[in-house]
>>> print(open('run08.txt').read())   # compact mmCIF, N, CA and C atoms
# COMPACT_ATOMS: atom_id res chain seq x y z
N MET A 1 -12.71 -23.42 -44.41
CA MET A 1 -13.77 -24.01 -43.61
C MET A 1 -14.83 -24.55 -44.57
N THR A 2 -15.25 -25.77 -44.30
CA THR A 2 -16.27 -26.38 -45.16
C THR A 2 -17.66 -25.88 -44.78
N LYS A 3 -18.59 -26.12 -45.67
CA LYS A 3 -19.99 -25.75 -45.43
C LYS A 3 -20.52 -26.50 -44.20
N ASP A 4 -20.16 -27.76 -44.05
CA ASP A 4 -20.63 -28.56 -42.91
C ASP A 4 -20.14 -27.98 -41.59
N ILE A 5 -18.89 -27.58 -41.54
CA ILE A 5 -18.34 -26.99 -40.32
C ILE A 5 -19.03 -25.66 -40.03
N PHE A 6 -19.21 -24.86 -41.05
CA PHE A 6 -19.88 -23.58 -40.88
C PHE A 6 -21.29 -23.76 -40.33
N GLU A 7 -22.04 -24.70 -40.89
CA GLU A 7 -23.40 -24.97 -40.43
C GLU A 7 -23.40 -25.46 -38.99
N PHE A 8 -22.43 -26.28 -38.63
CA PHE A 8 -22.30 -26.77 -37.26
C PHE A 8 -22.05 -25.61 -36.30
N LEU A 9 -21.15 -24.70 -36.67
CA LEU A 9 -20.85 -23.55 -35.81
C LEU A 9 -22.09 -22.69 -35.61
N VAL A 10 -22.81 -22.41 -36.68
CA VAL A 10 -24.02 -21.60 -36.58
C VAL A 10 -25.04 -22.29 -35.68
N TYR A 11 -25.22 -23.59 -35.87
CA TYR A 11 -26.16 -24.35 -35.06
C TYR A 11 -25.78 -24.29 -33.58
N MET A 12 -24.50 -24.49 -33.28
CA MET A 12 -24.07 -24.51 -31.88
C MET A 12 -24.14 -23.11 -31.26
N ILE A 13 -23.86 -22.08 -32.02
CA ILE A 13 -24.00 -20.71 -31.51
C ILE A 13 -25.46 -20.47 -31.11
N HIS A 14 -26.38 -20.88 -31.94
CA HIS A 14 -27.81 -20.71 -31.63
C HIS A 14 -28.23 -21.59 -30.45
N ALA A 15 -27.70 -22.79 -30.36
CA ALA A 15 -28.03 -23.68 -29.24
C ALA A 15 -27.54 -23.08 -27.92
N CYS A 16 -26.33 -22.55 -27.92
CA CYS A 16 -25.80 -21.90 -26.72
C CYS A 16 -26.62 -20.66 -26.38
N ALA A 17 -26.95 -19.87 -27.38
CA ALA A 17 -27.74 -18.66 -27.15
C ALA A 17 -29.08 -19.00 -26.51
N ASN A 18 -29.73 -20.04 -26.99
CA ASN A 18 -31.01 -20.46 -26.42
C ASN A 18 -30.86 -20.90 -24.98
N LYS A 19 -29.82 -21.68 -24.69
CA LYS A 19 -29.63 -22.19 -23.33
C LYS A 19 -29.21 -21.09 -22.37
N TRP A 20 -28.39 -20.17 -22.82
CA TRP A 20 -27.82 -19.14 -21.96
C TRP A 20 -28.66 -17.86 -21.90
N GLY A 21 -29.73 -17.79 -22.70
CA GLY A 21 -30.57 -16.59 -22.71
C GLY A 21 -29.85 -15.37 -23.27
N LYS A 22 -29.00 -15.60 -24.26
CA LYS A 22 -28.25 -14.53 -24.91
C LYS A 22 -28.60 -14.51 -26.39
N THR A 23 -28.20 -13.44 -27.05
CA THR A 23 -28.40 -13.39 -28.50
C THR A 23 -27.29 -14.19 -29.18
N PRO A 24 -27.54 -14.68 -30.39
CA PRO A 24 -26.47 -15.36 -31.12
C PRO A 24 -25.23 -14.48 -31.31
N THR A 25 -25.43 -13.19 -31.48
CA THR A 25 -24.29 -12.27 -31.64
C THR A 25 -23.44 -12.24 -30.38
N GLU A 26 -24.09 -12.19 -29.22
CA GLU A 26 -23.35 -12.19 -27.95
C GLU A 26 -22.56 -13.48 -27.79
N VAL A 27 -23.17 -14.60 -28.13
CA VAL A 27 -22.49 -15.89 -28.00
C VAL A 27 -21.32 -15.97 -28.98
N TYR A 28 -21.56 -15.56 -30.22
CA TYR A 28 -20.48 -15.56 -31.21
C TYR A 28 -19.29 -14.74 -30.72
N ASN A 29 -19.56 -13.54 -30.23
CA ASN A 29 -18.48 -12.67 -29.74
C ASN A 29 -17.73 -13.30 -28.58
N LEU A 30 -18.45 -13.95 -27.66
CA LEU A 30 -17.81 -14.62 -26.53
C LEU A 30 -16.93 -15.78 -27.01
N LEU A 31 -17.48 -16.62 -27.89
CA LEU A 31 -16.73 -17.77 -28.39
C LEU A 31 -15.50 -17.32 -29.19
N LYS A 32 -15.66 -16.25 -29.94
CA LYS A 32 -14.54 -15.72 -30.71
C LYS A 32 -13.46 -15.17 -29.77
N GLU A 33 -13.89 -14.40 -28.77
CA GLU A 33 -12.95 -13.80 -27.81
C GLU A 33 -12.15 -14.87 -27.07
N LYS A 34 -12.82 -15.95 -26.69
CA LYS A 34 -12.17 -17.03 -25.93
C LYS A 34 -11.51 -18.06 -26.84
N LYS A 35 -11.54 -17.80 -28.13
CA LYS A 35 -10.93 -18.68 -29.13
C LYS A 35 -11.55 -20.08 -29.15
N ALA A 36 -12.79 -20.18 -28.71
CA ALA A 36 -13.47 -21.48 -28.70
C ALA A 36 -13.77 -21.96 -30.12
N LEU A 37 -13.95 -21.04 -31.04
CA LEU A 37 -14.23 -21.43 -32.42
C LEU A 37 -12.98 -22.02 -33.07
N THR A 38 -11.89 -21.26 -33.02
CA THR A 38 -10.67 -21.66 -33.74
C THR A 38 -9.83 -22.70 -33.01
N ASN A 39 -9.91 -22.74 -31.69
CA ASN A 39 -9.07 -23.68 -30.94
C ASN A 39 -9.81 -24.91 -30.43
N TYR A 40 -11.14 -24.88 -30.52
CA TYR A 40 -11.89 -26.02 -29.99
C TYR A 40 -12.91 -26.58 -30.98
N LEU A 41 -13.88 -25.78 -31.36
CA LEU A 41 -14.98 -26.32 -32.18
C LEU A 41 -14.53 -26.74 -33.58
N ILE A 42 -13.78 -25.90 -34.25
CA ILE A 42 -13.35 -26.24 -35.61
C ILE A 42 -12.38 -27.42 -35.62
N PRO A 43 -11.32 -27.39 -34.81
CA PRO A 43 -10.38 -28.53 -34.85
C PRO A 43 -10.99 -29.87 -34.43
N HIS A 44 -12.01 -29.83 -33.58
CA HIS A 44 -12.60 -31.06 -33.07
C HIS A 44 -13.98 -31.35 -33.68
N TYR A 45 -14.25 -30.70 -34.79
CA TYR A 45 -15.54 -30.88 -35.47
C TYR A 45 -15.85 -32.35 -35.73
N ASP A 46 -14.87 -33.10 -36.20
CA ASP A 46 -15.11 -34.51 -36.57
C ASP A 46 -15.73 -35.31 -35.43
N VAL A 47 -15.33 -35.05 -34.21
CA VAL A 47 -15.89 -35.75 -33.06
C VAL A 47 -17.15 -35.05 -32.56
N LEU A 48 -17.08 -33.73 -32.42
CA LEU A 48 -18.18 -32.98 -31.80
C LEU A 48 -19.49 -33.08 -32.58
N HIS A 49 -19.41 -33.07 -33.91
CA HIS A 49 -20.66 -33.06 -34.67
C HIS A 49 -21.43 -34.38 -34.56
N THR A 50 -20.79 -35.39 -34.01
CA THR A 50 -21.48 -36.67 -33.83
C THR A 50 -22.18 -36.77 -32.47
N GLN A 51 -21.96 -35.77 -31.62
CA GLN A 51 -22.51 -35.77 -30.26
C GLN A 51 -23.83 -35.02 -30.23
N GLY A 52 -24.59 -35.20 -29.18
CA GLY A 52 -25.85 -34.50 -29.00
C GLY A 52 -25.62 -33.03 -28.68
N THR A 53 -26.61 -32.23 -28.99
CA THR A 53 -26.53 -30.79 -28.78
C THR A 53 -26.23 -30.45 -27.33
N ASN A 54 -26.96 -31.04 -26.40
CA ASN A 54 -26.75 -30.73 -24.98
C ASN A 54 -25.35 -31.08 -24.53
N PHE A 55 -24.82 -32.18 -25.02
CA PHE A 55 -23.45 -32.58 -24.68
C PHE A 55 -22.45 -31.53 -25.17
N VAL A 56 -22.61 -31.08 -26.41
CA VAL A 56 -21.66 -30.12 -26.97
C VAL A 56 -21.78 -28.77 -26.26
N VAL A 57 -23.01 -28.34 -25.94
CA VAL A 57 -23.18 -27.08 -25.20
C VAL A 57 -22.48 -27.20 -23.84
N ALA A 58 -22.65 -28.31 -23.16
CA ALA A 58 -21.99 -28.52 -21.87
C ALA A 58 -20.47 -28.54 -22.03
N ASP A 59 -20.00 -29.12 -23.11
CA ASP A 59 -18.56 -29.14 -23.39
C ASP A 59 -18.03 -27.73 -23.63
N ILE A 60 -18.79 -26.93 -24.35
CA ILE A 60 -18.40 -25.54 -24.58
C ILE A 60 -18.35 -24.78 -23.26
N GLU A 61 -19.33 -25.01 -22.41
CA GLU A 61 -19.34 -24.37 -21.09
C GLU A 61 -18.09 -24.75 -20.30
N GLU A 62 -17.71 -26.02 -20.35
CA GLU A 62 -16.51 -26.48 -19.66
C GLU A 62 -15.26 -25.82 -20.25
N TYR A 63 -15.19 -25.76 -21.57
CA TYR A 63 -14.06 -25.11 -22.23
C TYR A 63 -13.94 -23.66 -21.77
N LEU A 64 -15.07 -22.94 -21.75
CA LEU A 64 -15.06 -21.53 -21.34
C LEU A 64 -14.66 -21.38 -19.88
N ALA A 65 -15.11 -22.29 -19.02
CA ALA A 65 -14.75 -22.23 -17.60
C ALA A 65 -13.25 -22.42 -17.42
N ILE A 66 -12.68 -23.35 -18.17
CA ILE A 66 -11.24 -23.58 -18.10
C ILE A 66 -10.47 -22.37 -18.60
N ARG A 67 -10.95 -21.77 -19.68
CA ARG A 67 -10.31 -20.58 -20.23
C ARG A 67 -10.35 -19.42 -19.24
N GLU A 68 -11.44 -19.32 -18.48
CA GLU A 68 -11.56 -18.26 -17.47
C GLU A 68 -10.52 -18.43 -16.36
N LYS A 69 -10.30 -19.70 -15.98
CA LYS A 69 -9.33 -19.98 -14.90
C LYS A 69 -7.90 -19.70 -15.33
N THR A 70 -7.61 -19.89 -16.62
CA THR A 70 -6.25 -19.72 -17.09
C THR A 70 -5.99 -18.32 -17.65
N ALA A 71 -7.02 -17.49 -17.69
CA ALA A 71 -6.86 -16.14 -18.26
C ALA A 71 -6.25 -15.18 -17.26
>>> encode(input="run08.txt", output="structure tokens")
Amino acid sequence: MTKDIFEFLVYMIHACANKWGKTPTEVYNLLKEKKALTNYLIPHYDVLHTQGTNFVVADIEEYLAIREKTA
């Protein structure tokens, strides 16, 4: 993992935590459990990092909702 990807992940974890009223640790654990980091954010970094924060947070919410339906 590159430094840029790592910084993006940390930034998005904090952005989600702020929007969802959770701690960054809670968000990290949720994203890790749902494989959002390894199956979504990291592989699609090239596209996602060019988008606005609110768009990516909404995209993460959609990813998590889909994962809930298929779990």
>>> closest_residue(input="run08.txt", among="A:Val27, A:Lys34, A:Met1, A:Gln51", to="Ile13 of chain A", atoms="only N, CA and C atoms")
A:Val27
>>> select_by_dssp(input="run08.txt", residues="chain A", states="helix (DSSP H, G or I)", output="PyMOL selection string")
chain A and resi 3-20+24-33+36-41+45-48+53-70
>>> atom_distance(input="run08.txt", atom1="atom CA of Glu68 of chain A", atom2="atom CA of Leu37 of chain A")
15.5 Å
>>> atom_distance(input="run08.txt", atom1="atom N of Tyr63 of chain A", atom2="atom CA of Ala36 of chain A")
8.5 Å
>>> closest_residue(input="run08.txt", among="A:Tyr45, A:Phe55, A:Leu64, A:Thr38", to="Asp4 of chain A", atoms="only C-alpha atoms")
A:Tyr45
>>> axis_aligned_box(input="run08.txt", around="segment 49-60 of chain A", padding_each_side="3 Å", output="JSON")
{"center_x": -22.5, "center_y": -30.8, "center_z": -28.3, "size_x": 14.9, "size_y": 18.0, "size_z": 18.8}
>>> atom_distance(input="run08.txt", atom1="atom N of Ala58 of chain A", atom2="atom C of Leu31 of chain A")
14.4 Å
>>> closest_residue(input="run08.txt", among="A:Lys3, A:Met12, A:Asn29, A:Pro24", to="Val57 of chain A", atoms="only C-alpha atoms")
A:Met12
>>> closest_residue(input="run08.txt", among="A:Ile42, A:Ala17, A:Val10, A:Ile5", to="Glu61 of chain A", atoms="only C-alpha atoms")
A:Ala17
>>> decode(input="run08.txt", residues="segment 2-46 of chain A", atoms="N, CA and C atoms", output="PDB file, in the first residue's frame")
ATOM      1  N   THR A   2       0.564   2.165  -0.866  1.00  0.00           N
ATOM      2  CA  THR A   2       1.360   3.389  -0.943  1.00  0.00           C
ATOM      3  C   THR A   2       0.957   4.364   0.162  1.00  0.00           C
ATOM      4  N   LYS A   3       1.808   5.339   0.374  1.00  0.00           N
ATOM      5  CA  LYS A   3       1.533   6.383   1.361  1.00  0.00           C
ATOM      6  C   LYS A   3       0.257   7.144   0.979  1.00  0.00           C
ATOM      7  N   ASP A   4       0.069   7.417  -0.301  1.00  0.00           N
ATOM      8  CA  ASP A   4      -1.115   8.149  -0.759  1.00  0.00           C
ATOM      9  C   ASP A   4      -2.402   7.381  -0.450  1.00  0.00           C
ATOM     10  N   ILE A   5      -2.386   6.081  -0.688  1.00  0.00           N
ATOM     11  CA  ILE A   5      -3.567   5.263  -0.400  1.00  0.00           C
ATOM     12  C   ILE A   5      -3.823   5.237   1.100  1.00  0.00           C
ATOM     13  N   PHE A   6      -2.773   5.064   1.876  1.00  0.00           N
ATOM     14  CA  PHE A   6      -2.915   5.042   3.323  1.00  0.00           C
ATOM     15  C   PHE A   6      -3.520   6.345   3.834  1.00  0.00           C
ATOM     16  N   GLU A   7      -3.020   7.474   3.349  1.00  0.00           N
ATOM     17  CA  GLU A   7      -3.540   8.776   3.766  1.00  0.00           C
ATOM     18  C   GLU A   7      -5.002   8.937   3.368  1.00  0.00           C
ATOM     19  N   PHE A   8      -5.362   8.455   2.187  1.00  0.00           N
ATOM     20  CA  PHE A   8      -6.743   8.503   1.724  1.00  0.00           C
ATOM     21  C   PHE A   8      -7.645   7.687   2.649  1.00  0.00           C
ATOM     22  N   LEU A   9      -7.212   6.484   3.017  1.00  0.00           N
ATOM     23  CA  LEU A   9      -8.007   5.641   3.908  1.00  0.00           C
ATOM     24  C   LEU A   9      -8.216   6.312   5.260  1.00  0.00           C
ATOM     25  N   VAL A  10      -7.157   6.870   5.818  1.00  0.00           N
ATOM     26  CA  VAL A  10      -7.264   7.548   7.112  1.00  0.00           C
ATOM     27  C   VAL A  10      -8.228   8.727   6.998  1.00  0.00           C
ATOM     28  N   TYR A  11      -8.091   9.501   5.937  1.00  0.00           N
ATOM     29  CA  TYR A  11      -8.971  10.656   5.725  1.00  0.00           C
ATOM     30  C   TYR A  11     -10.431  10.220   5.625  1.00  0.00           C
ATOM     31  N   MET A  12     -10.697   9.168   4.854  1.00  0.00           N
ATOM     32  CA  MET A  12     -12.075   8.726   4.666  1.00  0.00           C
ATOM     33  C   MET A  12     -12.644   8.101   5.942  1.00  0.00           C
ATOM     34  N   ILE A  13     -11.831   7.411   6.702  1.00  0.00           N
ATOM     35  CA  ILE A  13     -12.292   6.866   7.987  1.00  0.00           C
ATOM     36  C   ILE A  13     -12.726   8.015   8.894  1.00  0.00           C
ATOM     37  N   HIS A  14     -11.944   9.067   8.951  1.00  0.00           N
ATOM     38  CA  HIS A  14     -12.298  10.224   9.779  1.00  0.00           C
ATOM     39  C   HIS A  14     -13.529  10.950   9.232  1.00  0.00           C
ATOM     40  N   ALA A  15     -13.646  11.049   7.922  1.00  0.00           N
ATOM     41  CA  ALA A  15     -14.817  11.703   7.315  1.00  0.00           C
ATOM     42  C   ALA A  15     -16.088  10.921   7.646  1.00  0.00           C
ATOM     43  N   CYS A  16     -16.028   9.608   7.544  1.00  0.00           N
ATOM     44  CA  CYS A  16     -17.185   8.777   7.888  1.00  0.00           C
ATOM     45  C   CYS A  16     -17.501   8.893   9.377  1.00  0.00           C
ATOM     46  N   ALA A  17     -16.478   8.871  10.207  1.00  0.00           N
ATOM     47  CA  ALA A  17     -16.682   8.986  11.653  1.00  0.00           C
ATOM     48  C   ALA A  17     -17.380  10.290  11.996  1.00  0.00           C
ATOM     49  N   ASN A  18     -16.965  11.371  11.377  1.00  0.00           N
ATOM     50  CA  ASN A  18     -17.592  12.677  11.626  1.00  0.00           C
ATOM     51  C   ASN A  18     -19.052  12.680  11.191  1.00  0.00           C
ATOM     52  N   LYS A  19     -19.331  12.116  10.022  1.00  0.00           N
ATOM     53  CA  LYS A  19     -20.706  12.126   9.509  1.00  0.00           C
ATOM     54  C   LYS A  19     -21.611  11.190  10.306  1.00  0.00           C
ATOM     55  N   TRP A  20     -21.088  10.049  10.720  1.00  0.00           N
ATOM     56  CA  TRP A  20     -21.893   9.029  11.375  1.00  0.00           C
ATOM     57  C   TRP A  20     -21.926   9.157  12.895  1.00  0.00           C
ATOM     58  N   GLY A  21     -21.153  10.106  13.452  1.00  0.00           N
ATOM     59  CA  GLY A  21     -21.125  10.282  14.897  1.00  0.00           C
ATOM     60  C   GLY A  21     -20.491   9.105  15.628  1.00  0.00           C
ATOM     61  N   LYS A  22     -19.486   8.511  14.998  1.00  0.00           N
ATOM     62  CA  LYS A  22     -18.770   7.377  15.578  1.00  0.00           C
ATOM     63  C   LYS A  22     -17.302   7.749  15.735  1.00  0.00           C
ATOM     64  N   THR A  23     -16.580   6.923  16.466  1.00  0.00           N
ATOM     65  CA  THR A  23     -15.139   7.146  16.578  1.00  0.00           C
ATOM     66  C   THR A  23     -14.456   6.578  15.335  1.00  0.00           C
ATOM     67  N   PRO A  24     -13.274   7.086  14.998  1.00  0.00           N
ATOM     68  CA  PRO A  24     -12.545   6.501  13.874  1.00  0.00           C
ATOM     69  C   PRO A  24     -12.277   5.003  14.063  1.00  0.00           C
ATOM     70  N   THR A  25     -12.052   4.580  15.294  1.00  0.00           N
ATOM     71  CA  THR A  25     -11.818   3.155  15.558  1.00  0.00           C
ATOM     72  C   THR A  25     -13.051   2.328  15.214  1.00  0.00           C
ATOM     73  N   GLU A  26     -14.230   2.824  15.590  1.00  0.00           N
ATOM     74  CA  GLU A  26     -15.471   2.111  15.265  1.00  0.00           C
ATOM     75  C   GLU A  26     -15.656   2.006  13.759  1.00  0.00           C
ATOM     76  N   VAL A  27     -15.389   3.096  13.051  1.00  0.00           N
ATOM     77  CA  VAL A  27     -15.544   3.095  11.592  1.00  0.00           C
ATOM     78  C   VAL A  27     -14.527   2.152  10.956  1.00  0.00           C
ATOM     79  N   TYR A  28     -13.286   2.224  11.404  1.00  0.00           N
ATOM     80  CA  TYR A  28     -12.257   1.323  10.868  1.00  0.00           C
ATOM     81  C   TYR A  28     -12.673  -0.133  11.045  1.00  0.00           C
ATOM     82  N   ASN A  29     -13.127  -0.485  12.238  1.00  0.00           N
ATOM     83  CA  ASN A  29     -13.538  -1.868  12.502  1.00  0.00           C
ATOM     84  C   ASN A  29     -14.700  -2.293  11.617  1.00  0.00           C
ATOM     85  N   LEU A  30     -15.669  -1.394  11.408  1.00  0.00           N
ATOM     86  CA  LEU A  30     -16.801  -1.698  10.533  1.00  0.00           C
ATOM     87  C   LEU A  30     -16.345  -1.901   9.093  1.00  0.00           C
ATOM     88  N   LEU A  31     -15.519  -0.979   8.590  1.00  0.00           N
ATOM     89  CA  LEU A  31     -15.047  -1.080   7.210  1.00  0.00           C
ATOM     90  C   LEU A  31     -14.186  -2.327   7.012  1.00  0.00           C
ATOM     91  N   LYS A  32     -13.398  -2.655   8.013  1.00  0.00           N
ATOM     92  CA  LYS A  32     -12.572  -3.860   7.934  1.00  0.00           C
ATOM     93  C   LYS A  32     -13.447  -5.111   7.936  1.00  0.00           C
ATOM     94  N   GLU A  33     -14.428  -5.149   8.834  1.00  0.00           N
ATOM     95  CA  GLU A  33     -15.327  -6.301   8.937  1.00  0.00           C
ATOM     96  C   GLU A  33     -16.090  -6.537   7.632  1.00  0.00           C
ATOM     97  N   LYS A  34     -16.536  -5.458   7.007  1.00  0.00           N
ATOM     98  CA  LYS A  34     -17.314  -5.561   5.764  1.00  0.00           C
ATOM     99  C   LYS A  34     -16.431  -5.611   4.524  1.00  0.00           C
ATOM    100  N   LYS A  35     -15.126  -5.646   4.748  1.00  0.00           N
ATOM    101  CA  LYS A  35     -14.145  -5.720   3.663  1.00  0.00           C
ATOM    102  C   LYS A  35     -14.210  -4.515   2.713  1.00  0.00           C
ATOM    103  N   ALA A  36     -14.692  -3.394   3.221  1.00  0.00           N
ATOM    104  CA  ALA A  36     -14.776  -2.184   2.401  1.00  0.00           C
ATOM    105  C   ALA A  36     -13.394  -1.630   2.083  1.00  0.00           C
ATOM    106  N   LEU A  37     -12.442  -1.857   2.967  1.00  0.00           N
ATOM    107  CA  LEU A  37     -11.084  -1.358   2.724  1.00  0.00           C
ATOM    108  C   LEU A  37     -10.418  -2.149   1.605  1.00  0.00           C
ATOM    109  N   THR A  38     -10.407  -3.473   1.758  1.00  0.00           N
ATOM    110  CA  THR A  38      -9.663  -4.320   0.813  1.00  0.00           C
ATOM    111  C   THR A  38     -10.403  -4.604  -0.485  1.00  0.00           C
ATOM    112  N   ASN A  39     -11.728  -4.586  -0.452  1.00  0.00           N
ATOM    113  CA  ASN A  39     -12.489  -4.925  -1.662  1.00  0.00           C
ATOM    114  C   ASN A  39     -13.066  -3.715  -2.385  1.00  0.00           C
ATOM    115  N   TYR A  40     -13.020  -2.551  -1.737  1.00  0.00           N
ATOM    116  CA  TYR A  40     -13.626  -1.383  -2.381  1.00  0.00           C
ATOM    117  C   TYR A  40     -12.693  -0.168  -2.407  1.00  0.00           C
ATOM    118  N   LEU A  41     -12.311   0.333  -1.254  1.00  0.00           N
ATOM    119  CA  LEU A  41     -11.555   1.589  -1.227  1.00  0.00           C
ATOM    120  C   LEU A  41     -10.159   1.458  -1.836  1.00  0.00           C
ATOM    121  N   ILE A  42      -9.428   0.436  -1.467  1.00  0.00           N
ATOM    122  CA  ILE A  42      -8.072   0.289  -2.000  1.00  0.00           C
ATOM    123  C   ILE A  42      -8.079  -0.019  -3.497  1.00  0.00           C
ATOM    124  N   PRO A  43      -8.855  -1.003  -3.957  1.00  0.00           N
ATOM    125  CA  PRO A  43      -8.828  -1.297  -5.400  1.00  0.00           C
ATOM    126  C   PRO A  43      -9.322  -0.145  -6.283  1.00  0.00           C
ATOM    127  N   HIS A  44     -10.206   0.690  -5.749  1.00  0.00           N
ATOM    128  CA  HIS A  44     -10.781   1.767  -6.551  1.00  0.00           C
ATOM    129  C   HIS A  44     -10.233   3.149  -6.167  1.00  0.00           C
ATOM    130  N   TYR A  45      -9.102   3.138  -5.491  1.00  0.00           N
ATOM    131  CA  TYR A  45      -8.474   4.392  -5.051  1.00  0.00           C
ATOM    132  C   TYR A  45      -8.289   5.369  -6.204  1.00  0.00           C
ATOM    133  N   ASP A  46      -7.816   4.881  -7.342  1.00  0.00           N
ATOM    134  CA  ASP A  46      -7.514   5.769  -8.477  1.00  0.00           C
ATOM    135  C   ASP A  46      -8.702   6.642  -8.861  1.00  0.00           C
TER     136      ASP A  46
END
